[in-house]
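Okay, query-v3.txt now, which holds compact mmCIF, N, CA and C atoms:
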# COMPACT_ATOMS: atom_id res chain seq x y z
N MET A 211 9.94 -35.51 -57.06
CA MET A 211 10.73 -34.42 -56.59
C MET A 211 11.37 -34.82 -55.26
N ARG A 212 12.55 -34.46 -55.15
CA ARG A 212 13.32 -34.87 -53.99
C ARG A 212 13.57 -33.66 -53.07
N THR A 213 13.33 -33.82 -51.75
CA THR A 213 13.61 -32.74 -50.80
C THR A 213 14.91 -33.05 -50.07
N THR A 214 15.64 -32.01 -49.84
CA THR A 214 16.89 -32.20 -49.10
C THR A 214 16.67 -31.79 -47.65
N ARG A 215 17.23 -32.49 -46.81
CA ARG A 215 17.08 -32.23 -45.39
C ARG A 215 18.40 -31.73 -44.83
N ARG A 216 18.32 -30.64 -44.13
CA ARG A 216 19.53 -30.10 -43.50
C ARG A 216 19.59 -30.64 -42.09
N SER A 217 20.61 -31.32 -41.77
CA SER A 217 20.69 -31.98 -40.46
C SER A 217 20.91 -30.99 -39.33
N GLY A 218 21.48 -29.82 -39.56
CA GLY A 218 21.75 -28.86 -38.51
C GLY A 218 20.54 -28.07 -38.05
N GLU A 219 19.46 -28.06 -38.82
CA GLU A 219 18.29 -27.25 -38.49
C GLU A 219 17.13 -28.07 -37.97
N CYS A 220 17.30 -29.33 -37.80
CA CYS A 220 16.23 -30.21 -37.35
C CYS A 220 15.82 -29.86 -35.92
N GLY A 221 14.58 -29.48 -35.69
CA GLY A 221 14.06 -29.21 -34.35
C GLY A 221 14.35 -27.82 -33.83
N SER A 222 14.89 -26.93 -34.64
CA SER A 222 15.24 -25.59 -34.15
C SER A 222 13.99 -24.78 -33.82
N ILE A 223 12.91 -24.96 -34.55
CA ILE A 223 11.66 -24.25 -34.25
C ILE A 223 11.10 -24.71 -32.91
N THR A 224 11.21 -25.96 -32.59
CA THR A 224 10.73 -26.49 -31.32
C THR A 224 11.51 -25.88 -30.16
N VAL A 225 12.81 -25.83 -30.28
CA VAL A 225 13.65 -25.25 -29.23
C VAL A 225 13.35 -23.77 -29.07
N PHE A 226 13.20 -23.07 -30.19
CA PHE A 226 12.86 -21.65 -30.15
C PHE A 226 11.50 -21.44 -29.48
N GLY A 227 10.52 -22.26 -29.84
CA GLY A 227 9.19 -22.17 -29.26
C GLY A 227 9.19 -22.44 -27.77
N LEU A 228 9.94 -23.44 -27.33
CA LEU A 228 10.04 -23.72 -25.88
C LEU A 228 10.72 -22.58 -25.14
N GLY A 229 11.73 -22.02 -25.76
CA GLY A 229 12.42 -20.87 -25.14
C GLY A 229 11.48 -19.68 -24.97
N MET A 230 10.70 -19.41 -25.99
CA MET A 230 9.73 -18.30 -25.90
C MET A 230 8.65 -18.59 -24.87
N LEU A 231 8.21 -19.83 -24.77
CA LEU A 231 7.21 -20.20 -23.78
C LEU A 231 7.73 -19.99 -22.37
N ILE A 232 8.96 -20.39 -22.12
CA ILE A 232 9.57 -20.20 -20.80
C ILE A 232 9.70 -18.72 -20.48
N LEU A 233 10.09 -17.92 -21.47
CA LEU A 233 10.22 -16.48 -21.27
C LEU A 233 8.88 -15.83 -20.95
N ILE A 234 7.84 -16.23 -21.67
CA ILE A 234 6.51 -15.67 -21.42
C ILE A 234 6.00 -16.06 -20.04
N LEU A 235 6.22 -17.31 -19.63
CA LEU A 235 5.80 -17.74 -18.30
C LEU A 235 6.56 -16.99 -17.21
N ALA A 236 7.84 -16.74 -17.41
CA ALA A 236 8.64 -16.01 -16.42
C ALA A 236 8.15 -14.57 -16.29
N ILE A 237 7.87 -13.93 -17.41
CA ILE A 237 7.37 -12.55 -17.37
C ILE A 237 6.00 -12.52 -16.70
N GLY A 238 5.17 -13.51 -16.96
CA GLY A 238 3.86 -13.58 -16.31
C GLY A 238 3.97 -13.75 -14.81
N ALA A 239 4.89 -14.61 -14.38
CA ALA A 239 5.07 -14.83 -12.94
C ALA A 239 5.61 -13.58 -12.26
N ILE A 240 6.53 -12.88 -12.89
CA ILE A 240 7.06 -11.64 -12.32
C ILE A 240 5.97 -10.58 -12.25
N SER A 241 5.13 -10.51 -13.27
CA SER A 241 4.05 -9.51 -13.24
C SER A 241 3.04 -9.82 -12.15
N ILE A 242 2.83 -11.08 -11.84
CA ILE A 242 1.94 -11.43 -10.72
C ILE A 242 2.51 -10.89 -9.41
N ASP A 243 3.81 -11.04 -9.20
CA ASP A 243 4.44 -10.50 -8.00
C ASP A 243 4.28 -8.98 -7.93
N MET A 244 4.48 -8.33 -9.04
CA MET A 244 4.36 -6.87 -9.05
C MET A 244 2.92 -6.43 -8.79
N TRP A 245 1.94 -7.16 -9.32
CA TRP A 245 0.54 -6.83 -9.05
C TRP A 245 0.19 -7.07 -7.59
N ARG A 246 0.82 -8.04 -6.95
CA ARG A 246 0.58 -8.25 -5.52
C ARG A 246 1.04 -7.04 -4.72
N VAL A 247 2.14 -6.42 -5.12
CA VAL A 247 2.63 -5.22 -4.45
C VAL A 247 1.66 -4.07 -4.69
N VAL A 248 1.18 -3.91 -5.91
CA VAL A 248 0.23 -2.84 -6.23
C VAL A 248 -1.07 -3.04 -5.44
N ALA A 249 -1.56 -4.25 -5.36
CA ALA A 249 -2.80 -4.54 -4.62
C ALA A 249 -2.63 -4.27 -3.13
N ALA A 250 -1.48 -4.64 -2.57
CA ALA A 250 -1.23 -4.39 -1.15
C ALA A 250 -1.17 -2.89 -0.87
N ARG A 251 -0.55 -2.14 -1.75
CA ARG A 251 -0.48 -0.68 -1.58
C ARG A 251 -1.88 -0.07 -1.65
N HIS A 252 -2.69 -0.54 -2.58
CA HIS A 252 -4.06 -0.03 -2.70
C HIS A 252 -4.88 -0.33 -1.44
N GLU A 253 -4.75 -1.55 -0.94
CA GLU A 253 -5.48 -1.94 0.27
C GLU A 253 -5.04 -1.09 1.47
N LEU A 254 -3.74 -0.90 1.62
CA LEU A 254 -3.24 -0.08 2.73
C LEU A 254 -3.69 1.36 2.59
N ARG A 255 -3.70 1.88 1.37
CA ARG A 255 -4.14 3.27 1.15
C ARG A 255 -5.59 3.44 1.58
N GLN A 256 -6.45 2.49 1.24
CA GLN A 256 -7.86 2.59 1.64
C GLN A 256 -8.00 2.56 3.15
N LYS A 257 -7.29 1.65 3.81
CA LYS A 257 -7.37 1.56 5.28
C LYS A 257 -6.82 2.81 5.95
N ALA A 258 -5.71 3.32 5.44
CA ALA A 258 -5.12 4.52 6.03
C ALA A 258 -6.03 5.73 5.86
N ASP A 259 -6.64 5.87 4.69
CA ASP A 259 -7.56 6.99 4.46
C ASP A 259 -8.76 6.92 5.39
N ALA A 260 -9.32 5.72 5.55
CA ALA A 260 -10.48 5.56 6.44
C ALA A 260 -10.11 5.87 7.89
N ALA A 261 -8.94 5.39 8.33
CA ALA A 261 -8.51 5.62 9.71
C ALA A 261 -8.21 7.10 9.95
N ALA A 262 -7.55 7.75 9.01
CA ALA A 262 -7.23 9.17 9.16
C ALA A 262 -8.49 10.02 9.19
N THR A 263 -9.46 9.67 8.37
CA THR A 263 -10.73 10.41 8.36
C THR A 263 -11.46 10.23 9.68
N ALA A 264 -11.48 9.01 10.21
CA ALA A 264 -12.13 8.77 11.50
C ALA A 264 -11.44 9.55 12.62
N GLY A 265 -10.12 9.58 12.60
CA GLY A 265 -9.39 10.33 13.62
C GLY A 265 -9.60 11.83 13.48
N ALA A 266 -9.71 12.32 12.27
CA ALA A 266 -9.90 13.76 12.05
C ALA A 266 -11.28 14.23 12.46
N ASN A 267 -12.20 13.32 12.68
CA ASN A 267 -13.54 13.68 13.12
C ASN A 267 -13.65 13.87 14.63
N VAL A 268 -12.60 13.57 15.37
CA VAL A 268 -12.63 13.67 16.84
C VAL A 268 -11.91 14.95 17.25
N ILE A 269 -12.67 16.00 17.45
CA ILE A 269 -12.05 17.28 17.83
C ILE A 269 -12.07 17.45 19.34
N ASP A 270 -11.21 18.33 19.83
CA ASP A 270 -11.15 18.68 21.25
C ASP A 270 -12.26 19.69 21.52
N ILE A 271 -13.33 19.22 22.17
CA ILE A 271 -14.52 20.04 22.39
C ILE A 271 -14.20 21.25 23.25
N ALA A 272 -13.39 21.06 24.31
CA ALA A 272 -13.06 22.18 25.20
C ALA A 272 -12.29 23.27 24.45
N ALA A 273 -11.36 22.89 23.62
CA ALA A 273 -10.60 23.88 22.85
C ALA A 273 -11.50 24.58 21.84
N TYR A 274 -12.43 23.85 21.26
CA TYR A 274 -13.35 24.46 20.29
C TYR A 274 -14.26 25.47 20.97
N ARG A 275 -14.76 25.13 22.16
CA ARG A 275 -15.65 26.05 22.87
C ARG A 275 -14.93 27.29 23.35
N SER A 276 -13.67 27.14 23.73
CA SER A 276 -12.96 28.30 24.26
C SER A 276 -12.35 29.17 23.16
N THR A 277 -11.88 28.57 22.07
CA THR A 277 -11.19 29.35 21.04
C THR A 277 -11.92 29.38 19.69
N GLY A 278 -12.81 28.42 19.46
CA GLY A 278 -13.49 28.32 18.17
C GLY A 278 -12.65 27.65 17.10
N LEU A 279 -11.49 27.12 17.49
CA LEU A 279 -10.61 26.45 16.54
C LEU A 279 -10.85 24.94 16.55
N LEU A 280 -10.75 24.34 15.38
CA LEU A 280 -10.88 22.89 15.27
C LEU A 280 -9.51 22.27 15.51
N VAL A 281 -9.35 21.72 16.71
CA VAL A 281 -8.11 21.06 17.09
C VAL A 281 -8.47 19.64 17.50
N LEU A 282 -7.67 18.69 17.06
CA LEU A 282 -7.97 17.28 17.38
C LEU A 282 -7.64 16.96 18.83
N ASP A 283 -8.41 16.05 19.39
CA ASP A 283 -8.14 15.53 20.72
C ASP A 283 -6.96 14.56 20.59
N PRO A 284 -5.82 14.87 21.25
CA PRO A 284 -4.60 14.07 21.02
C PRO A 284 -4.70 12.62 21.51
N GLU A 285 -5.62 12.31 22.42
CA GLU A 285 -5.76 10.92 22.87
C GLU A 285 -6.90 10.19 22.17
N ALA A 286 -8.01 10.87 21.97
CA ALA A 286 -9.19 10.21 21.39
C ALA A 286 -9.08 10.02 19.87
N ALA A 287 -8.40 10.92 19.19
CA ALA A 287 -8.30 10.81 17.73
C ALA A 287 -7.53 9.56 17.29
N PRO A 288 -6.35 9.27 17.87
CA PRO A 288 -5.68 8.01 17.49
C PRO A 288 -6.48 6.76 17.86
N ARG A 289 -7.23 6.83 18.98
CA ARG A 289 -8.10 5.69 19.35
C ARG A 289 -9.17 5.47 18.29
N ALA A 290 -9.76 6.55 17.80
CA ALA A 290 -10.79 6.43 16.76
C ALA A 290 -10.18 5.86 15.48
N ALA A 291 -8.97 6.28 15.16
CA ALA A 291 -8.31 5.75 13.96
C ALA A 291 -8.03 4.26 14.12
N ARG A 292 -7.55 3.86 15.30
CA ARG A 292 -7.27 2.43 15.53
C ARG A 292 -8.54 1.60 15.53
N SER A 293 -9.66 2.18 15.97
CA SER A 293 -10.91 1.42 15.98
C SER A 293 -11.36 1.09 14.56
N VAL A 294 -11.06 1.94 13.60
CA VAL A 294 -11.41 1.66 12.21
C VAL A 294 -10.54 0.54 11.67
N LEU A 295 -9.28 0.49 12.09
CA LEU A 295 -8.36 -0.53 11.60
C LEU A 295 -8.66 -1.92 12.16
N GLY A 296 -9.27 -1.98 13.31
CA GLY A 296 -9.61 -3.28 13.88
C GLY A 296 -8.67 -3.71 14.97
N ASP A 297 -8.89 -4.91 15.46
CA ASP A 297 -8.11 -5.48 16.54
C ASP A 297 -6.67 -5.72 16.10
N PRO A 298 -5.68 -5.31 16.91
CA PRO A 298 -4.28 -5.53 16.51
C PRO A 298 -3.92 -6.99 16.24
N ALA A 299 -4.63 -7.92 16.84
CA ALA A 299 -4.32 -9.34 16.61
C ALA A 299 -4.67 -9.76 15.18
N THR A 300 -5.55 -9.02 14.51
CA THR A 300 -5.95 -9.39 13.15
C THR A 300 -5.21 -8.60 12.09
N TRP A 301 -4.33 -7.69 12.49
CA TRP A 301 -3.61 -6.88 11.51
C TRP A 301 -2.60 -7.71 10.75
N GLU A 302 -2.52 -7.48 9.47
CA GLU A 302 -1.46 -8.05 8.65
C GLU A 302 -0.42 -6.97 8.39
N PHE A 303 -0.48 -5.87 9.10
CA PHE A 303 0.38 -4.73 8.85
C PHE A 303 0.69 -4.03 10.15
N THR A 304 1.65 -3.15 10.14
CA THR A 304 1.94 -2.33 11.30
C THR A 304 1.31 -0.97 11.09
N ALA A 305 0.79 -0.40 12.16
CA ALA A 305 0.08 0.87 12.06
C ALA A 305 0.59 1.83 13.12
N ALA A 306 0.60 3.09 12.75
CA ALA A 306 0.92 4.15 13.69
C ALA A 306 -0.01 5.31 13.39
N GLY A 307 -0.58 5.89 14.40
CA GLY A 307 -1.46 7.04 14.22
C GLY A 307 -1.12 8.09 15.25
N ALA A 308 -0.99 9.32 14.81
CA ALA A 308 -0.64 10.40 15.73
C ALA A 308 -1.28 11.70 15.25
N VAL A 309 -1.53 12.58 16.22
CA VAL A 309 -2.02 13.91 15.91
C VAL A 309 -0.80 14.82 15.83
N GLU A 310 -0.62 15.45 14.69
CA GLU A 310 0.57 16.27 14.47
C GLU A 310 0.20 17.57 13.79
N ASP A 311 1.18 18.44 13.68
CA ASP A 311 1.05 19.66 12.91
C ASP A 311 1.84 19.48 11.63
N ARG A 312 1.16 19.04 10.58
CA ARG A 312 1.84 18.78 9.32
C ARG A 312 1.76 19.94 8.33
N ASP A 313 0.77 20.83 8.51
CA ASP A 313 0.61 21.89 7.53
C ASP A 313 1.25 23.21 7.97
N GLY A 314 1.94 23.20 9.13
CA GLY A 314 2.69 24.37 9.57
C GLY A 314 1.86 25.52 10.11
N ASP A 315 0.61 25.25 10.50
CA ASP A 315 -0.22 26.34 11.02
C ASP A 315 -0.10 26.49 12.54
N GLY A 316 0.69 25.65 13.17
CA GLY A 316 0.90 25.77 14.62
C GLY A 316 -0.14 25.06 15.45
N ARG A 317 -1.13 24.43 14.82
CA ARG A 317 -2.17 23.71 15.56
C ARG A 317 -2.04 22.22 15.29
N THR A 318 -2.30 21.45 16.33
CA THR A 318 -2.28 19.99 16.17
C THR A 318 -3.63 19.56 15.63
N ASP A 319 -3.82 19.78 14.34
CA ASP A 319 -5.11 19.48 13.72
C ASP A 319 -4.98 18.55 12.52
N ASP A 320 -3.91 17.79 12.46
CA ASP A 320 -3.70 16.85 11.36
C ASP A 320 -3.58 15.43 11.91
N MET A 321 -4.48 14.57 11.47
CA MET A 321 -4.43 13.16 11.86
C MET A 321 -3.58 12.44 10.84
N VAL A 322 -2.47 11.87 11.29
CA VAL A 322 -1.53 11.20 10.40
C VAL A 322 -1.56 9.71 10.72
N VAL A 323 -1.88 8.90 9.72
CA VAL A 323 -1.90 7.44 9.87
C VAL A 323 -0.88 6.86 8.90
N THR A 324 0.03 6.06 9.44
CA THR A 324 1.05 5.41 8.64
C THR A 324 0.87 3.90 8.77
N LEU A 325 0.75 3.22 7.64
CA LEU A 325 0.61 1.77 7.62
C LEU A 325 1.72 1.17 6.76
N SER A 326 2.19 0.01 7.17
CA SER A 326 3.18 -0.69 6.33
C SER A 326 2.91 -2.18 6.41
N ARG A 327 3.34 -2.85 5.36
CA ARG A 327 3.09 -4.29 5.25
C ARG A 327 4.20 -4.92 4.41
N GLU A 328 4.59 -6.10 4.79
CA GLU A 328 5.60 -6.86 4.05
C GLU A 328 4.88 -7.72 3.01
N VAL A 329 5.30 -7.62 1.75
CA VAL A 329 4.72 -8.41 0.66
C VAL A 329 5.78 -9.40 0.19
N GLU A 330 5.45 -10.67 0.28
CA GLU A 330 6.39 -11.73 -0.12
C GLU A 330 6.38 -11.91 -1.64
N PHE A 331 7.55 -12.21 -2.19
CA PHE A 331 7.66 -12.49 -3.62
C PHE A 331 7.63 -13.99 -3.85
N ALA A 332 7.13 -14.39 -5.00
CA ALA A 332 7.15 -15.79 -5.41
C ALA A 332 8.34 -16.02 -6.34
N LEU A 333 8.26 -15.53 -7.54
CA LEU A 333 9.33 -15.74 -8.52
C LEU A 333 10.32 -14.58 -8.55
N LEU A 334 9.85 -13.39 -8.32
CA LEU A 334 10.72 -12.23 -8.37
C LEU A 334 11.85 -12.32 -7.36
N GLY A 335 11.60 -13.01 -6.27
CA GLY A 335 12.65 -13.20 -5.26
C GLY A 335 13.82 -14.00 -5.79
N MET A 336 13.55 -14.95 -6.67
CA MET A 336 14.64 -15.74 -7.25
C MET A 336 15.46 -14.91 -8.23
N VAL A 337 14.80 -13.97 -8.90
CA VAL A 337 15.49 -13.15 -9.89
C VAL A 337 16.32 -12.06 -9.21
N THR A 338 15.74 -11.39 -8.22
CA THR A 338 16.41 -10.26 -7.59
C THR A 338 17.21 -10.63 -6.35
N GLY A 339 16.95 -11.79 -5.77
CA GLY A 339 17.62 -12.16 -4.52
C GLY A 339 16.96 -11.56 -3.29
N GLN A 340 15.87 -10.85 -3.47
CA GLN A 340 15.14 -10.22 -2.37
C GLN A 340 13.83 -10.98 -2.21
N ASN A 341 13.52 -11.47 -1.01
CA ASN A 341 12.34 -12.30 -0.80
C ASN A 341 11.05 -11.52 -0.60
N SER A 342 11.17 -10.24 -0.23
CA SER A 342 9.97 -9.46 0.03
C SER A 342 10.28 -7.97 -0.13
N VAL A 343 9.23 -7.19 -0.09
CA VAL A 343 9.36 -5.74 -0.12
C VAL A 343 8.37 -5.17 0.89
N ARG A 344 8.76 -4.08 1.56
CA ARG A 344 7.87 -3.43 2.51
C ARG A 344 7.15 -2.29 1.80
N VAL A 345 5.82 -2.35 1.86
CA VAL A 345 4.97 -1.31 1.27
C VAL A 345 4.54 -0.40 2.41
N ARG A 346 4.71 0.91 2.23
CA ARG A 346 4.38 1.88 3.28
C ARG A 346 3.54 3.00 2.68
N VAL A 347 2.45 3.34 3.37
CA VAL A 347 1.60 4.45 2.94
C VAL A 347 1.35 5.36 4.13
N GLU A 348 1.05 6.61 3.82
CA GLU A 348 0.74 7.58 4.86
C GLU A 348 -0.45 8.39 4.40
N SER A 349 -1.39 8.61 5.31
CA SER A 349 -2.58 9.40 5.00
C SER A 349 -2.74 10.49 6.05
N ILE A 350 -3.07 11.67 5.59
CA ILE A 350 -3.22 12.82 6.50
C ILE A 350 -4.61 13.41 6.28
N ALA A 351 -5.33 13.63 7.38
CA ALA A 351 -6.66 14.24 7.30
C ALA A 351 -6.77 15.30 8.40
N SER A 352 -7.50 16.35 8.11
CA SER A 352 -7.71 17.44 9.06
C SER A 352 -9.20 17.75 9.16
N PRO A 353 -9.67 18.19 10.32
CA PRO A 353 -11.08 18.55 10.45
C PRO A 353 -11.37 19.84 9.67
N ARG A 354 -12.53 19.90 9.09
CA ARG A 354 -12.93 21.09 8.31
C ARG A 354 -14.35 21.49 8.69
N ARG A 355 -14.60 22.77 8.66
CA ARG A 355 -15.96 23.27 8.90
C ARG A 355 -16.80 22.97 7.66
N THR A 356 -18.03 22.53 7.90
CA THR A 356 -18.90 22.23 6.76
C THR A 356 -20.12 23.13 6.70
N GLY A 357 -20.43 23.79 7.76
CA GLY A 357 -21.62 24.64 7.78
C GLY A 357 -21.27 26.10 7.91
N PRO A 358 -22.28 26.94 8.10
CA PRO A 358 -22.03 28.39 8.24
C PRO A 358 -21.39 28.77 9.53
Full structure transcribed into structure tokens:
Amino acid sequence: MRTTRRSGECGSITVFGLGMLILILAIGAISIDMWRVVAARHELRQKADAAATAGANVIDIAAYRSTGLLVLDPEAAPRAARSVLGDPATWEFTAAGAVEDRDGDGRTDDMVVTLSREVEFALLGMVTGQNSVRVRVESIASPRRTGP
């Protein structure tokens, strides 16, 4: 039995297979970049939540004794938040912490911590032309009564 060989189709499966392999590797590399952004956001969210909670635990004792209201100490609360974040020389991110009135009740009883970080791209930068993205998170915590 004689087989006929078509000269135009020789090696087409190999070329197709290599093309698919390159496509799969490119999608994998892009997904790694995207997961780096997700991981950075998660890390910043945890740090911001911890710092905001620490700051919300520092109330103004004099205001509490005179009025019975839980109001944050405007100087000590941001210091407590920064102490949770660590030494500024070791930060890989920028941080800002302030005592504000975010819930509209007229009292400065909300500890607001904002963190941001630049995440560099590996392959996604070549595709989009953008070398990095800035991830920003904000966490707000307020003091609450826990007892009677």
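Comparing A:Leu228, A:Leu235, A:Leu325, A:Ala308 by their smallest distance to Arg346 (chain A), the closest is A:Leu325 (using only N, CA and C atoms).
Nearest-residue note for Val322 (chain A): choosing from A:Gly238, A:Glu310, A:Met244, A:Phe303, the minimum distance belongs to A:Glu310, counting only C-alpha atoms.
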Check the DSSP output for the backbone and give back, as a JSON list (two decimals) with N, CA and C atoms, keeping the file's coordinate frame, the residues of region 235-335 of chain A in strand (DSSP E or B).
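Generated output (result-v7.json):
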[["chain", "number", "residue", "atom", "x", "y", "z"],
["A", 269, "ILE", "N", -12.67, 16.00, 17.45],
["A", 269, "ILE", "CA", -12.05, 17.28, 17.83],
["A", 269, "ILE", "C", -12.07, 17.45, 19.34],
["A", 282, "LEU", "N", -7.67, 18.69, 17.06],
["A", 282, "LEU", "CA", -7.97, 17.28, 17.38],
["A", 282, "LEU", "C", -7.64, 16.96, 18.83],
["A", 304, "THR", "N", 1.65, -3.15, 10.14],
["A", 304, "THR", "CA", 1.94, -2.33, 11.30],
["A", 304, "THR", "C", 1.31, -0.97, 11.09],
["A", 305, "ALA", "N", 0.79, -0.40, 12.16],
["A", 305, "ALA", "CA", 0.08, 0.87, 12.06],
["A", 305, "ALA", "C", 0.59, 1.83, 13.12],
["A", 306, "ALA", "N", 0.60, 3.09, 12.75],
["A", 306, "ALA", "CA", 0.92, 4.15, 13.69],
["A", 306, "ALA", "C", -0.01, 5.31, 13.39],
["A", 307, "GLY", "N", -0.58, 5.89, 14.40],
["A", 307, "GLY", "CA", -1.46, 7.04, 14.22],
["A", 307, "GLY", "C", -1.12, 8.09, 15.25],
["A", 308, "ALA", "N", -0.99, 9.32, 14.81],
["A", 308, "ALA", "CA", -0.64, 10.40, 15.73],
["A", 308, "ALA", "C", -1.28, 11.70, 15.25],
["A", 309, "VAL", "N", -1.53, 12.58, 16.22],
["A", 309, "VAL", "CA", -2.02, 13.91, 15.91],
["A", 309, "VAL", "C", -0.80, 14.82, 15.83],
["A", 310, "GLU", "N", -0.62, 15.45, 14.69],
["A", 310, "GLU", "CA", 0.57, 16.27, 14.47],
["A", 310, "GLU", "C", 0.20, 17.57, 13.79],
["A", 320, "ASP", "N", -3.91, 17.79, 12.46],
["A", 320, "ASP", "CA", -3.70, 16.85, 11.36],
["A", 320, "ASP", "C", -3.58, 15.43, 11.91],
["A", 321, "MET", "N", -4.48, 14.57, 11.47],
["A", 321, "MET", "CA", -4.43, 13.16, 11.86],
["A", 321, "MET", "C", -3.58, 12.44, 10.84],
["A", 322, "VAL", "N", -2.47, 11.87, 11.29],
["A", 322, "VAL", "CA", -1.53, 11.20, 10.40],
["A", 322, "VAL", "C", -1.56, 9.71, 10.72],
["A", 323, "VAL", "N", -1.88, 8.90, 9.72],
["A", 323, "VAL", "CA", -1.90, 7.44, 9.87],
["A", 323, "VAL", "C", -0.88, 6.86, 8.90],
["A", 324, "THR", "N", 0.03, 6.06, 9.44],
["A", 324, "THR", "CA", 1.05, 5.41, 8.64],
["A", 324, "THR", "C", 0.87, 3.90, 8.77],
["A", 325, "LEU", "N", 0.75, 3.22, 7.64],
["A", 325, "LEU", "CA", 0.61, 1.77, 7.62],
["A", 325, "LEU", "C", 1.72, 1.17, 6.76],
["A", 326, "SER", "N", 2.19, 0.01, 7.17],
["A", 326, "SER", "CA", 3.18, -0.69, 6.33],
["A", 326, "SER", "C", 2.91, -2.18, 6.41],
["A", 327, "ARG", "N", 3.34, -2.85, 5.36],
["A", 327, "ARG", "CA", 3.09, -4.29, 5.25],
["A", 327, "ARG", "C", 4.20, -4.92, 4.41],
["A", 328, "GLU", "N", 4.59, -6.10, 4.79],
["A", 328, "GLU", "CA", 5.60, -6.86, 4.05],
["A", 328, "GLU", "C", 4.88, -7.72, 3.01],
["A", 329, "VAL", "N", 5.30, -7.62, 1.75],
["A", 329, "VAL", "CA", 4.72, -8.41, 0.66],
["A", 329, "VAL", "C", 5.78, -9.40, 0.19],
["A", 330, "GLU", "N", 5.45, -10.67, 0.28],
["A", 330, "GLU", "CA", 6.39, -11.73, -0.12],
["A", 330, "GLU", "C", 6.38, -11.91, -1.64]]
Length of the atom C of Thr356 (chain A) to atom C of Val323 (chain A) vector [Å]
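These two atoms are separated by 25.3 Å.
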For region 271-288 of chain A, please output as a list in words all residues within 6.5 Å (counting all atoms listed in the file; exclusion window: fewer than 3 positions along the same chain).
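Those residues are Ala264, Gly265, Ala266, Val268, Ala291, Arg292, Ser293, Gly307, Ala308, Val309, Arg317, Thr318, Asp319, Asp320 and Pro353 of chain A.
CA of Leu333 (chain A) sits 29.5 Å away from CA of Gly221 (chain A).
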Taking the block above, write region 342-346 of chain A with all heavy atoms as a PDB file, in the first residue's frame.
ATOM      1  N   SER A 342       4.363  49.365  36.120  1.00  0.00           N
ATOM      2  CA  SER A 342       3.923  49.074  37.482  1.00  0.00           C
ATOM      3  C   SER A 342       2.504  49.604  37.682  1.00  0.00           C
ATOM      4  O   SER A 342       1.974  50.331  36.852  1.00  0.00           O
ATOM      5  CB  SER A 342       4.872  49.709  38.495  1.00  0.00           C
ATOM      6  OG  SER A 342       4.839  51.118  38.370  1.00  0.00           O
ATOM      7  N   VAL A 343       1.952  49.238  38.819  1.00  0.00           N
ATOM      8  CA  VAL A 343       0.640  49.738  39.218  1.00  0.00           C
ATOM      9  C   VAL A 343       0.709  50.069  40.706  1.00  0.00           C
ATOM     10  O   VAL A 343       1.423  49.403  41.466  1.00  0.00           O
ATOM     11  CB  VAL A 343      -0.478  48.707  38.913  1.00  0.00           C
ATOM     12  CG1 VAL A 343      -0.320  47.470  39.763  1.00  0.00           C
ATOM     13  CG2 VAL A 343      -1.855  49.310  39.101  1.00  0.00           C
ATOM     14  N   ARG A 344       0.012  51.127  41.114  1.00  0.00           N
ATOM     15  CA  ARG A 344      -0.027  51.504  42.523  1.00  0.00           C
ATOM     16  C   ARG A 344      -1.277  50.901  43.147  1.00  0.00           C
ATOM     17  O   ARG A 344      -2.385  51.122  42.684  1.00  0.00           O
ATOM     18  CB  ARG A 344      -0.039  53.015  42.696  1.00  0.00           C
ATOM     19  CG  ARG A 344      -0.091  53.421  44.163  1.00  0.00           C
ATOM     20  CD  ARG A 344       0.376  54.818  44.405  1.00  0.00           C
ATOM     21  NE  ARG A 344       1.794  54.996  44.250  1.00  0.00           N
ATOM     22  CZ  ARG A 344       2.711  54.676  45.142  1.00  0.00           C
ATOM     23  NH1 ARG A 344       2.361  54.109  46.263  1.00  0.00           N
ATOM     24  NH2 ARG A 344       3.983  54.916  44.926  1.00  0.00           N
ATOM     25  N   VAL A 345      -1.052  50.123  44.210  1.00  0.00           N
ATOM     26  CA  VAL A 345      -2.143  49.502  44.963  1.00  0.00           C
ATOM     27  C   VAL A 345      -2.377  50.363  46.196  1.00  0.00           C
ATOM     28  O   VAL A 345      -1.432  50.691  46.919  1.00  0.00           O
ATOM     29  CB  VAL A 345      -1.786  48.053  45.366  1.00  0.00           C
ATOM     30  CG1 VAL A 345      -2.888  47.442  46.189  1.00  0.00           C
ATOM     31  CG2 VAL A 345      -1.501  47.221  44.137  1.00  0.00           C
ATOM     32  N   ARG A 346      -3.636  50.730  46.437  1.00  0.00           N
ATOM     33  CA  ARG A 346      -3.973  51.607  47.563  1.00  0.00           C
ATOM     34  C   ARG A 346      -5.137  51.001  48.334  1.00  0.00           C
ATOM     35  O   ARG A 346      -6.127  50.566  47.733  1.00  0.00           O
ATOM     36  CB  ARG A 346      -4.370  52.984  47.044  1.00  0.00           C
ATOM     37  CG  ARG A 346      -4.695  53.977  48.109  1.00  0.00           C
ATOM     38  CD  ARG A 346      -5.077  55.321  47.466  1.00  0.00           C
ATOM     39  NE  ARG A 346      -5.503  56.268  48.457  1.00  0.00           N
ATOM     40  CZ  ARG A 346      -6.746  56.371  48.927  1.00  0.00           C
ATOM     41  NH1 ARG A 346      -7.680  55.565  48.485  1.00  0.00           N
ATOM     42  NH2 ARG A 346      -7.049  57.257  49.841  1.00  0.00           N
TER      43      ARG A 346
END
